[in-house]
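Asks: Sharing a structure with you now.
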Amino acid sequence: MNNRHHTSDVSDALLLTSSALREVGFDEVAGLFREALFDRQLVAQALEALQMLVNNASNSNDGQFANETAFRLFQKMSRLVA
C-alpha cells in the first residue's frame, strides 16, 4: 500500500468526495470513499468505482450536475493519489 494515502490531504479529499457524492445521489460510491477513509487499502477500489461512474455518465439519467460533480471529484482524487 502507498504511504501517500496516509496524509491529511488525502483524508480531507476522501471525506469531501464521500460527502459530495452523497449530495448528488451517488450513495453507493460515496460509501466506498467513506470506507476508504478508515481503510486506506480501499482507496484504489473507490477511485475505480468513481471512474466507472464517470465513464458511464453519458448513459445515465443522473443529471448533468451530478455527472459533472463526479467527473471533477475523479480528477481531483486521481491527481492526489497518483
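Labels used: A, B, ... for chains in the order of the C-alpha cells, numbers from 1 for residues in each chain, and numbers from 1 for ligands as shown.
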Extract, using only C-alpha atoms, all DNA, RNA and protein residues at most 9 Å from region 15-30 of chain A, discarding same-chain residues fewer than 5 positions from it, and format them as a PyMOL selection string.

Replies: chain A and resi 10+35+37+46-47+49-50+53+62-63+65-67+69-70+73-74+77

Asks: Choose the residue, out of A:Leu14, A:Asn56, A:Gln51, A:Gln45, that has the smallest atom-to-atom separation from Phe33 (chain A); count only C-alpha atoms.

Replies: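 Closest candidate: A:Leu14.
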
Asks: Report as a ChimeraX atom specification: the residues of chain A with a DSSP assignment of helix (DSSP H, G or I), based on the backbone of this structure.

Replies: /A:3-6,8-23,27-38,40-55,57-59,64-81
